[in-house]
Structures are given as structure tokens and as C-alpha cells.
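Source file: entry09.cif. Holds: mmCIF, C-alpha atoms.
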data_target
loop_
_atom_site.label_atom_id
_atom_site.label_comp_id
_atom_site.auth_asym_id
_atom_site.auth_seq_id
_atom_site.Cartn_x
_atom_site.Cartn_y
_atom_site.Cartn_z
CA MET A 212 53.49 79.07 -36.25
CA THR A 213 52.46 76.41 -33.73
CA GLU A 214 50.71 73.54 -35.53
CA HIS A 215 49.67 71.47 -32.52
CA ILE A 216 49.76 71.53 -28.74
CA THR A 217 49.48 68.76 -26.18
CA LEU A 218 47.81 69.47 -22.87
CA LEU A 219 46.41 67.61 -19.89
CA LYS A 220 42.77 66.69 -20.37
CA PRO A 221 40.68 69.80 -19.64
CA ASP A 222 37.59 70.29 -17.47
CA ASP A 223 34.57 72.56 -17.90
CA TRP A 224 33.85 74.42 -14.66
CA HIS A 225 30.49 75.83 -15.81
CA VAL A 226 28.05 74.03 -18.10
CA HIS A 227 24.29 73.70 -18.59
CA LEU A 228 23.14 70.19 -19.52
CA ARG A 229 19.35 70.64 -19.25
CA ASP A 230 17.27 67.48 -18.67
CA GLY A 231 15.20 64.85 -20.43
CA GLU A 232 15.72 64.40 -24.16
CA ALA A 233 17.70 67.65 -24.32
CA LEU A 234 20.17 66.29 -21.77
CA LYS A 235 20.62 63.10 -23.77
CA ALA A 236 21.39 65.20 -26.83
CA VAL A 237 24.06 67.46 -25.32
CA VAL A 238 25.90 65.38 -22.69
CA PRO A 239 27.97 63.50 -25.31
CA TYR A 240 29.48 66.77 -26.58
CA THR A 241 30.73 67.84 -23.15
CA ALA A 242 31.92 64.31 -22.34
CA ALA A 243 33.90 64.20 -25.59
CA GLN A 244 35.80 67.39 -24.72
CA PHE A 245 36.18 67.33 -20.94
CA GLY A 246 36.99 64.93 -18.12
CA ARG A 247 34.78 66.69 -15.58
CA ALA A 248 32.21 69.46 -15.56
CA ILE A 249 30.47 71.59 -12.97
CA VAL A 250 26.79 71.13 -13.77
CA MET A 251 24.54 74.12 -13.21
CA PRO A 252 21.34 73.47 -11.22
CA ASN A 253 18.91 75.93 -12.88
CA LEU A 254 16.46 73.37 -14.16
CA ARG A 255 12.73 73.89 -13.88
CA PRO A 256 12.10 73.15 -11.04
CA PRO A 257 15.64 73.91 -9.79
CA ILE A 258 17.93 71.39 -8.10
CA THR A 259 17.69 72.58 -4.48
CA THR A 260 18.29 69.38 -2.46
CA THR A 261 20.96 66.73 -2.25
CA GLU A 262 18.46 64.05 -3.22
CA GLN A 263 17.52 65.93 -6.39
CA ALA A 264 21.18 66.49 -7.30
CA LEU A 265 22.04 62.80 -6.97
CA ALA A 266 19.07 61.80 -9.11
CA TYR A 267 20.12 64.37 -11.72
CA LYS A 268 23.67 63.02 -11.65
CA SER A 269 22.34 59.53 -12.40
CA ARG A 270 20.47 60.84 -15.43
CA ILE A 271 23.61 62.58 -16.67
CA LEU A 272 25.77 59.49 -16.28
CA ALA A 273 23.16 57.41 -18.14
CA ALA A 274 23.56 59.80 -21.09
CA VAL A 275 27.37 59.45 -21.31
CA PRO A 276 28.28 57.32 -24.34
CA ALA A 277 29.88 53.95 -23.66
CA GLY A 278 33.65 54.14 -23.45
CA MET A 279 33.81 57.81 -22.45
CA GLN A 280 35.17 58.74 -19.02
CA PHE A 281 33.28 61.74 -17.69
CA GLU A 282 32.47 62.93 -14.18
CA PRO A 283 29.64 65.41 -13.55
CA LEU A 284 30.31 67.54 -10.47
CA MET A 285 27.01 68.49 -8.91
CA THR A 286 25.75 71.75 -7.45
CA LEU A 287 22.68 72.97 -5.59
CA TYR A 288 20.60 76.04 -6.40
CA LEU A 289 20.86 78.54 -3.55
CA THR A 290 17.60 80.19 -2.48
CA ASP A 291 16.58 82.57 0.28
CA ASN A 292 15.36 79.51 2.17
CA THR A 293 18.12 76.92 1.65
CA PRO A 294 18.45 75.37 5.13
CA PRO A 295 21.95 75.35 6.62
CA ASP A 296 21.60 71.68 7.57
CA GLU A 297 21.31 70.80 3.86
CA ILE A 298 24.98 71.72 3.51
CA ALA A 299 26.22 68.84 5.66
CA ARG A 300 24.10 66.40 3.65
CA ALA A 301 25.42 67.85 0.41
CA LYS A 302 29.03 67.58 1.53
CA ALA A 303 28.59 63.96 2.61
CA ALA A 304 27.08 63.12 -0.79
CA GLY A 305 29.91 64.70 -2.79
CA ILE A 306 28.12 67.89 -3.87
CA VAL A 307 30.86 70.44 -4.46
CA ALA A 308 29.15 73.84 -4.60
CA LEU A 309 26.02 75.97 -4.48
CA LYS A 310 25.07 78.39 -7.24
CA LEU A 311 23.83 81.87 -6.43
CA TYR A 312 21.50 83.35 -9.02
CA PRO A 313 20.17 86.82 -8.19
CA ALA A 314 16.42 86.45 -8.71
CA GLY A 315 15.55 87.43 -12.27
CA ALA A 316 19.13 87.68 -13.55
CA THR A 317 19.08 84.94 -16.19
CA THR A 318 17.43 81.74 -17.43
CA ASN A 319 15.37 79.98 -14.74
CA SER A 320 16.53 82.34 -12.01
CA ASP A 321 13.10 83.32 -10.70
CA ALA A 322 13.65 81.16 -7.59
CA GLY A 323 17.02 82.80 -6.93
CA VAL A 324 18.26 84.95 -4.09
CA THR A 325 16.39 88.20 -3.43
CA ASP A 326 18.65 89.44 -0.60
CA ILE A 327 22.12 88.02 0.03
CA ARG A 328 21.72 88.58 3.77
CA LYS A 329 18.99 85.96 3.85
CA THR A 330 21.59 83.33 2.91
CA TYR A 331 24.27 84.20 5.47
CA LYS A 332 23.59 81.27 7.82
CA THR A 333 23.79 78.90 4.87
CA LEU A 334 26.99 80.57 3.64
CA GLU A 335 28.47 80.10 7.11
CA ALA A 336 27.69 76.38 6.86
CA MET A 337 29.26 76.24 3.40
CA GLN A 338 32.40 77.92 4.70
CA ARG A 339 32.55 75.44 7.56
CA HIS A 340 32.06 72.36 5.36
CA GLY A 341 34.19 73.51 2.43
CA LEU A 342 31.56 73.87 -0.30
CA LEU A 343 32.21 76.54 -2.92
CA LEU A 344 29.91 79.44 -3.74
CA LEU A 345 29.44 79.99 -7.48
CA ILE A 346 28.00 83.40 -8.34
CA HIS A 347 26.19 84.84 -11.31
CA GLY A 348 27.40 88.34 -10.55
CA GLU A 349 24.85 90.86 -11.77
CA VAL A 350 22.41 93.15 -10.02
CA THR A 351 18.88 93.08 -11.38
CA ASP A 352 17.63 96.58 -10.60
CA SER A 353 15.64 97.91 -13.53
CA ASP A 354 17.27 101.33 -13.18
CA ILE A 355 20.78 99.92 -13.67
CA ASP A 356 21.88 99.68 -17.29
CA LEU A 357 22.26 96.09 -18.50
CA PHE A 358 25.89 96.67 -19.41
CA ASP A 359 26.75 98.02 -15.93
CA ARG A 360 25.15 95.33 -13.79
CA GLU A 361 28.29 93.25 -13.27
CA ALA A 362 30.37 96.22 -12.14
CA VAL A 363 27.67 97.35 -9.71
CA PHE A 364 27.41 93.81 -8.30
CA ILE A 365 31.11 93.86 -7.43
CA GLU A 366 30.71 96.95 -5.30
CA ARG A 367 27.40 96.04 -3.68
CA THR A 368 27.77 92.29 -3.11
CA MET A 369 31.06 90.68 -4.09
CA ALA A 370 33.43 92.86 -2.10
CA PRO A 371 31.36 92.58 1.13
CA LEU A 372 31.10 88.80 0.69
CA LEU A 373 34.87 88.40 0.59
CA LYS A 374 35.15 90.43 3.77
CA ASP A 375 32.35 88.62 5.61
CA PHE A 376 33.40 85.08 4.57
CA PRO A 377 37.20 85.06 4.25
CA ALA A 378 37.47 81.25 4.19
CA LEU A 379 34.64 80.67 1.68
CA LYS A 380 35.87 79.83 -1.80
CA ILE A 381 34.01 81.95 -4.35
CA VAL A 382 33.91 81.58 -8.12
CA PHE A 383 32.82 84.69 -10.02
CA GLU A 384 31.18 82.95 -12.95
CA HIS A 385 31.48 83.90 -16.63
CA ILE A 386 32.98 87.34 -16.00
CA THR A 387 32.52 89.87 -18.79
CA THR A 388 34.08 93.19 -17.76
CA LYS A 389 37.44 94.78 -17.08
CA GLU A 390 36.15 95.64 -13.59
CA ALA A 391 35.55 91.95 -12.85
CA ALA A 392 38.91 90.89 -14.29
CA GLN A 393 40.74 93.48 -12.19
CA PHE A 394 38.76 92.63 -9.07
CA VAL A 395 39.48 88.91 -9.30
CA ALA A 396 43.15 89.46 -10.11
CA THR A 397 43.79 91.78 -7.15
CA ALA A 398 41.23 90.93 -4.44
CA HIS A 399 42.34 89.59 -1.09
CA GLY A 400 40.46 86.37 -0.52
CA ASN A 401 39.54 82.97 -1.90
CA ILE A 402 38.21 84.09 -5.26
CA ALA A 403 38.62 82.90 -8.83
CA ALA A 404 36.67 83.34 -12.06
CA THR A 405 35.50 81.35 -15.04
CA VAL A 406 35.73 82.87 -18.51
CA THR A 407 33.83 81.69 -21.58
CA ALA A 408 35.23 81.29 -25.08
CA HIS A 409 32.58 83.59 -26.53
CA HIS A 410 33.45 86.42 -24.15
CA LEU A 411 37.12 86.03 -25.13
CA LEU A 412 36.38 86.02 -28.85
CA TYR A 413 33.59 88.54 -29.27
CA ASN A 414 32.39 91.94 -28.20
CA ARG A 415 28.82 93.17 -28.40
CA ASN A 416 29.14 94.03 -32.09
CA ALA A 417 28.85 90.27 -32.76
CA ILE A 418 25.15 90.37 -31.90
CA PHE A 419 24.66 92.45 -35.06
CA THR A 420 25.48 91.34 -38.60
CA GLY A 421 27.01 94.51 -39.94
CA GLY A 422 25.38 97.72 -38.92
CA ALA A 423 22.03 99.41 -38.73
CA GLY A 424 19.27 97.58 -40.57
CA SER A 425 21.21 94.33 -40.89
CA GLY A 426 19.36 92.47 -38.14
CA LEU A 427 20.26 90.56 -35.01
CA ARG A 428 22.23 87.36 -34.58
CA PRO A 429 20.41 85.70 -31.66
CA HIS A 430 22.89 82.84 -31.30
CA TYR A 431 25.39 85.40 -29.97
CA TYR A 432 22.96 86.61 -27.30
CA CYS A 433 23.83 85.41 -23.81
CA LEU A 434 23.63 86.56 -20.20
CA PRO A 435 25.73 88.22 -19.04
CA VAL A 436 25.60 89.90 -22.42
CA LEU A 437 28.70 90.51 -24.57
CA LYS A 438 30.31 93.84 -23.71
CA ARG A 439 32.44 96.53 -25.40
CA GLU A 440 35.82 95.70 -26.96
CA ILE A 441 37.71 97.19 -23.99
CA HIS A 442 36.14 94.52 -21.78
CA ARG A 443 36.84 91.67 -24.17
CA GLN A 444 40.48 92.72 -24.33
CA ALA A 445 40.69 92.93 -20.53
CA LEU A 446 39.41 89.36 -20.24
CA MET A 447 41.91 88.18 -22.82
CA ASP A 448 44.73 89.95 -21.01
CA ALA A 449 43.66 88.32 -17.73
CA VAL A 450 43.69 84.75 -19.02
CA ALA A 451 46.84 85.38 -21.09
CA SER A 452 48.65 86.57 -17.97
CA GLY A 453 48.88 83.02 -16.66
CA SER A 454 47.17 83.96 -13.38
CA PRO A 455 45.87 80.86 -11.57
CA ARG A 456 42.70 82.75 -10.60
CA PHE A 457 41.17 82.33 -14.06
CA PHE A 458 40.00 79.07 -15.54
CA LEU A 459 37.77 77.54 -18.18
CA GLY A 460 33.98 77.60 -17.88
CA THR A 461 32.09 77.39 -21.16
CA ASP A 462 28.66 78.45 -19.86
CA SER A 463 27.45 76.37 -22.80
CA ALA A 464 23.70 76.88 -22.67
CA PRO A 465 21.63 75.01 -25.25
CA HIS A 466 18.26 76.32 -26.43
CA ALA A 467 16.20 74.83 -29.23
CA SER A 468 16.69 76.93 -32.36
CA GLN A 469 13.07 78.06 -32.40
CA MET A 470 13.58 79.49 -28.91
CA LYS A 471 16.76 81.31 -29.96
CA GLU A 472 15.16 82.68 -33.11
CA ALA A 473 11.91 83.78 -31.46
CA SER A 474 10.61 87.30 -30.81
CA VAL A 475 11.68 86.84 -27.17
CA CYS A 476 15.08 85.19 -27.51
CA GLY A 477 16.50 82.64 -25.07
CA ALA A 478 19.82 83.74 -23.56
CA GLY A 479 22.80 81.43 -24.06
CA CYS A 480 25.45 80.30 -26.51
CA PHE A 481 25.82 76.58 -27.24
CA THR A 482 29.58 75.97 -27.46
CA ALA A 483 30.02 72.50 -25.96
CA MET A 484 30.70 70.69 -29.22
CA SER A 485 33.63 72.96 -30.18
CA ALA A 486 34.67 74.49 -26.86
CA MET A 487 38.37 73.68 -26.89
CA GLU A 488 38.67 74.66 -30.54
CA LEU A 489 37.19 78.08 -29.74
CA TYR A 490 39.45 78.58 -26.73
CA ALA A 491 42.46 77.60 -28.85
CA GLU A 492 41.44 80.22 -31.41
CA ALA A 493 41.22 82.88 -28.70
CA PHE A 494 44.57 82.05 -27.09
CA ASP A 495 46.25 81.67 -30.48
CA GLY A 496 44.99 85.07 -31.56
CA ALA A 497 46.47 86.61 -28.42
CA GLY A 498 49.80 84.81 -28.83
CA ALA A 499 49.18 83.00 -25.55
CA LEU A 500 48.90 79.31 -26.43
CA GLN A 501 51.54 78.57 -23.80
CA HIS A 502 48.98 79.50 -21.10
CA LEU A 503 46.07 77.45 -22.45
CA GLU A 504 46.93 74.26 -20.53
CA ALA A 505 46.97 75.99 -17.14
CA PHE A 506 43.70 77.80 -17.92
CA ALA A 507 41.93 74.69 -19.24
CA SER A 508 43.46 71.86 -17.25
CA LYS A 509 45.23 73.00 -14.07
CA ASN A 510 43.83 76.16 -12.49
CA GLY A 511 40.30 74.86 -12.01
CA PRO A 512 41.26 71.59 -10.28
CA ALA A 513 43.70 73.47 -8.05
CA PHE A 514 41.03 75.94 -6.89
CA TYR A 515 38.48 73.18 -6.29
CA GLY A 516 41.02 71.05 -4.43
CA LEU A 517 40.96 68.24 -6.99
CA PRO A 518 43.79 66.54 -8.88
CA ALA A 519 44.47 67.44 -12.48
CA HIS A 520 44.02 64.68 -15.01
CA THR A 521 47.04 62.63 -16.07
CA GLN A 522 45.88 61.74 -19.59
CA THR A 523 46.49 64.21 -22.40
CA VAL A 524 44.72 65.53 -25.48
CA GLN A 525 45.96 67.31 -28.57
CA LEU A 526 44.78 70.42 -30.36
CA LYS A 527 45.87 70.56 -33.99
CA ARG A 528 45.72 73.40 -36.47
CA GLU A 529 43.33 71.50 -38.70
CA ALA A 530 40.40 73.18 -40.42
CA PHE A 531 37.02 71.50 -40.02
CA ALA A 532 33.43 72.50 -40.66
CA LEU A 533 31.14 72.77 -37.65
CA PRO A 534 27.63 71.45 -38.35
CA GLU A 535 25.01 74.15 -38.83
CA ALA A 536 22.60 72.30 -36.53
CA VAL A 537 22.36 69.08 -34.53
CA PRO A 538 19.38 67.16 -33.07
CA PHE A 539 18.02 68.41 -29.76
CA GLY A 540 15.24 66.08 -28.71
CA ALA A 541 12.32 66.80 -31.03
CA ALA A 542 13.89 70.12 -32.07
CA ASP A 543 17.26 71.17 -33.43
CA LEU A 544 20.13 73.05 -31.84
CA LYS A 545 22.43 75.52 -33.56
CA PRO A 546 25.94 75.80 -32.13
CA LEU A 547 27.78 79.09 -32.00
CA ARG A 548 29.59 79.43 -35.35
CA GLY A 549 27.50 76.60 -36.77
CA GLY A 550 28.11 76.12 -40.50
CA GLU A 551 31.50 77.82 -40.30
CA THR A 552 35.02 76.40 -40.59
CA LEU A 553 37.12 76.41 -37.43
CA ALA A 554 40.92 76.52 -37.50
CA TRP A 555 41.67 74.11 -34.64
CA ARG A 556 40.49 70.57 -33.88
CA LEU A 557 40.62 68.57 -30.65
CA HIS A 558 41.96 65.02 -30.71
CA SER A 559 41.65 62.76 -27.67
#
Just give me the structure as C-alpha cells.
Amino acid sequence: MTEHITLLKPDDWHVHLRDGEALKAVVPYTAAQFGRAIVMPNLRPPITTTEQALAYKSRILAAVPAGMQFEPLMTLYLTDNTPPDEIARAKAAGIVALKLYPAGATTNSDAGVTDIRKTYKTLEAMQRHGLLLLIHGEVTDSDIDLFDREAVFIERTMAPLLKDFPALKIVFEHITTKEAAQFVATAHGNIAATVTAHHLLYNRNAIFTGGAGSGLRPHYYCLPVLKREIHRQALMDAVASGSPRFFLGTDSAPHASQMKEASVCGAGCFTAMSAMELYAEAFDGAGALQHLEAFASKNGPAFYGLPAHTQTVQLKREAFALPEAVPFGAADLKPLRGGETLAWRLHS
């Protein structure tokens, strides 16, 4: 049994850091685990301009604890009306990507894209300037079952995008289905995918505590929602294959506990404070620890055209108790698996 592994310092290619006091509360957790992170722009109001992104980056950096080396990689929120000339400004300022949220698909997505064709001139500019397109890949039609929305999106939107923009690098974010895993693995084009720890570890049964009448576990509710076991296994097979098209993106999404435990529950799992420990558990369970370094530390930088880190970290088989809750501004925040004992621990 492997007791410890050494790997190059990892990066998180999909994280939500919020803003204000909430940002100050959660940035240290991501900075303690990762060297870089792609920061999602779905604030309220969303980050739609280069100027807003740079100001947000300054607030993030101000929240990084002294002595920690952490680089936030900034993104813009793509709308129907994002002007193509904003792309040149973004590129010059070091913005790396734009995020496509179908309007109404998830948290703070009401300003998102209503028709992909409305963005084509902007996508052409992104292709020309080398900015990546990051996609929340679900349709939002009310007549499409929630559990089928990712698969339908592939057929309706993702496949045509690859054909229409062959030089545009696309990241299919937080994939959840066997259809998405197969599409990314076999598609012709510049496509990769992020995969979360919670979608590797859990199927939709985790939202329930043990059967009918036992109640819901809201801290396992996220969007895209957890799927059937066949999909979880397909994701695990994809990342355990060693394919360079799959890499780490936590989609850590903090919500105050009263928002998660409300009658209308906020969607998102907060995993930032134990992300690498959860990924180690998933890869260990699949007998694939030998592929964790590429998934966490190499594939993402390679796809984004950035160097991998040279410093290393260690994961040790060392049981530790995850706090049940941590401060979150004036509220508290409950991490996924809070109050439980995890089997692995990250050491910088």
C-alpha cells in the first residue's frame, strides 16, 4: 500500500472565490493547496470587463496570506453583448479565458448567453488572440430532464463549436457524464475537461442519507448535479486513463451554511480546504495514484500553454479530522465531508 506520494505543486483550473468578506475567508484555503487557480467570474454583478477583472485580481491577492505564493488567473463572463474589441484588451492585460454560462444554468448565470450564435464574433476574436473558452455545458430548456442536460448540450452546442472554431481552445468544465467523458476523449479539436473531486467520489445517492424518508444532504447538492453510478465510474476511468485531456478543477463553490440548508438550497460543494486529499482518495480507490500528478499538476498547464511548477508537495496517508465548519464572513461555511476523518493529508 502506498503511504505517500510526491508530486509537482498542483493548480486548480476552476474555483469560485466570491468577493468581500467571503473572499477573504476562502482564498487562504485555495492558496494553501494550489500554486495557481482559474477564478470564475460569476459575481453579482459579473466580471465582464478587463478593468473589473484586474480590480478583482487585486482583491484576491490582498487576501493571500503572507508567505504564500499564489497566482489567480482571471477570466471574463461572456454575455450576448461582449464586444469583440474587449478581447484584445483582455489579452494585453493577462486575462486567460472567458466563461460561457448558458443563461439560467447555475449560480449567478442570469446574465449568461441566451444564444451561442450571438457570441460568434467575440469567439472569433478569442480564437485570434488565443484566449480560452470555458464552458458550463448544460442546456436550460425546461422540457429537458435535469440529468440529461449535459448530454444534450454536447449534441446541440459543443460539437458545432469545435467544427466552427477549430483553433479555439475549449475547456468543458466540471463534466459529469459518460457522454461528456467519451466526447472529450475522442473529439477532434482543441478540447479538454476539468473534473471535480466530488463527481469522482460520489453519485447522486450521496444527496440522500439512506433511503426514502431519511432526508436530503444539501452540502452534496451542486450544479451540474451528481449523476448515476455509471457516470461516476466513466469519469473515474477517464482520469485514471492518464489522458492529457483531463485535469483538476475543484469547482469549489462556497455558500454560507444557512443558504445551503435553506428551503431553496444554494448549488455548490465547498472542497477547497481538502481538495487534494479528496482527489487522492478518489485516485487511490481506483488504483490510479500513479496518474494523479499528471491530472493535478501537468495536464492543465500544458493545455493553457503555461509551465508546470518546479516545487513539489507531498500527500501522506495520514488520517485527520476536517472541521465541521469554518468562519465565512459573518456566517459559517461547512465543507464537504466536514466533521469527518479523511485518509490523506497534503504537506507543502
Excluding same-chain residues fewer than 3 positions from range 270-284 of chain A, what lies within 7 Å of it counting all atoms listed in the file, as an NGL selection string? :A and (235 or 238-239 or 242 or 246-250 or 266-267 or 306-307)
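Residues surrounding range 526-532 of chain A within 10 Å are Met212, Thr213, Glu214, His215, Ile216, Thr217, Leu218, Met487, Glu488, Ala491, Glu492, Val524, Pro534, Glu535, Arg548, Gly549, Gly550, Glu551, Thr552, Leu553, Ala554, Trp555, Arg556, Leu557, His558 and Ser559 of chain A [all atoms listed in the file; sequence separation below 2 positions excluded].
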Contacts of Met484 in chain A within 8 Å, all atoms listed in the file, excl. fewer than 4 positions in-chain, as a ChimeraX atom specification: /A:240-241,244,546
Given the file shown, determine the residues that the PyMOL selection byres ((chain A and resi 543) around 10) selects; report them as a PDB file with C-alpha atoms, in the frame of the given file.
ATOM      1  CA  ALA A 233      17.700  67.650 -24.320  1.00  0.00           C
ATOM      2  CA  ALA A 236      21.390  65.200 -26.830  1.00  0.00           C
ATOM      3  CA  HIS A 466      18.260  76.320 -26.430  1.00  0.00           C
ATOM      4  CA  ALA A 467      16.200  74.830 -29.230  1.00  0.00           C
ATOM      5  CA  SER A 468      16.690  76.930 -32.360  1.00  0.00           C
ATOM      6  CA  GLN A 469      13.070  78.060 -32.400  1.00  0.00           C
ATOM      7  CA  GLU A 535      25.010  74.150 -38.830  1.00  0.00           C
ATOM      8  CA  ALA A 536      22.600  72.300 -36.530  1.00  0.00           C
ATOM      9  CA  VAL A 537      22.360  69.080 -34.530  1.00  0.00           C
ATOM     10  CA  PRO A 538      19.380  67.160 -33.070  1.00  0.00           C
ATOM     11  CA  PHE A 539      18.020  68.410 -29.760  1.00  0.00           C
ATOM     12  CA  GLY A 540      15.240  66.080 -28.710  1.00  0.00           C
ATOM     13  CA  ALA A 541      12.320  66.800 -31.030  1.00  0.00           C
ATOM     14  CA  ALA A 542      13.890  70.120 -32.070  1.00  0.00           C
ATOM     15  CA  LEU A 544      20.130  73.050 -31.840  1.00  0.00           C
ATOM     16  CA  LYS A 545      22.430  75.520 -33.560  1.00  0.00           C
ATOM     17  CA  PRO A 546      25.940  75.800 -32.130  1.00  0.00           C
TER      18      PRO A 546
END
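Candidate residues A:Tyr413, A:Phe514, A:Gly305, A:Ser452 were compared for distance to Ile381 in chain A, and the nearest is A:Phe514, using all atoms listed in the file.
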Take the PyMOL selection byres ((chain A and resi 459-463) around 6), run it mentally on this structure, and tell me the resulting residues as a CSV table (one decimal) with C-alpha atoms, in the frame of the given file.
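That gives us result37.csv:
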chain,number,residue,atom,x,y,z
A,223,ASP,CA,34.6,72.6,-17.9
A,224,TRP,CA,33.8,74.4,-14.7
A,225,HIS,CA,30.5,75.8,-15.8
A,226,VAL,CA,28.0,74.0,-18.1
A,227,HIS,CA,24.3,73.7,-18.6
A,405,THR,CA,35.5,81.4,-15.0
A,406,VAL,CA,35.7,82.9,-18.5
A,407,THR,CA,33.8,81.7,-21.6
A,458,PHE,CA,40.0,79.1,-15.5
A,464,ALA,CA,23.7,76.9,-22.7
A,480,CYS,CA,25.4,80.3,-26.5
A,481,PHE,CA,25.8,76.6,-27.2
A,482,THR,CA,29.6,76.0,-27.5
A,483,ALA,CA,30.0,72.5,-26.0
A,506,PHE,CA,43.7,77.8,-17.9
A,507,ALA,CA,41.9,74.7,-19.2
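Interatomic distance, CA of Leu344 in chain A to CA of Lys509 in chain A: 19.6 Å.
Checking A:Ala486, A:Ala299, A:Leu289, A:Ala505 one by one against Pro313 in chain A, counting all atoms listed in the file, you find the shortest gap at A:Leu289.
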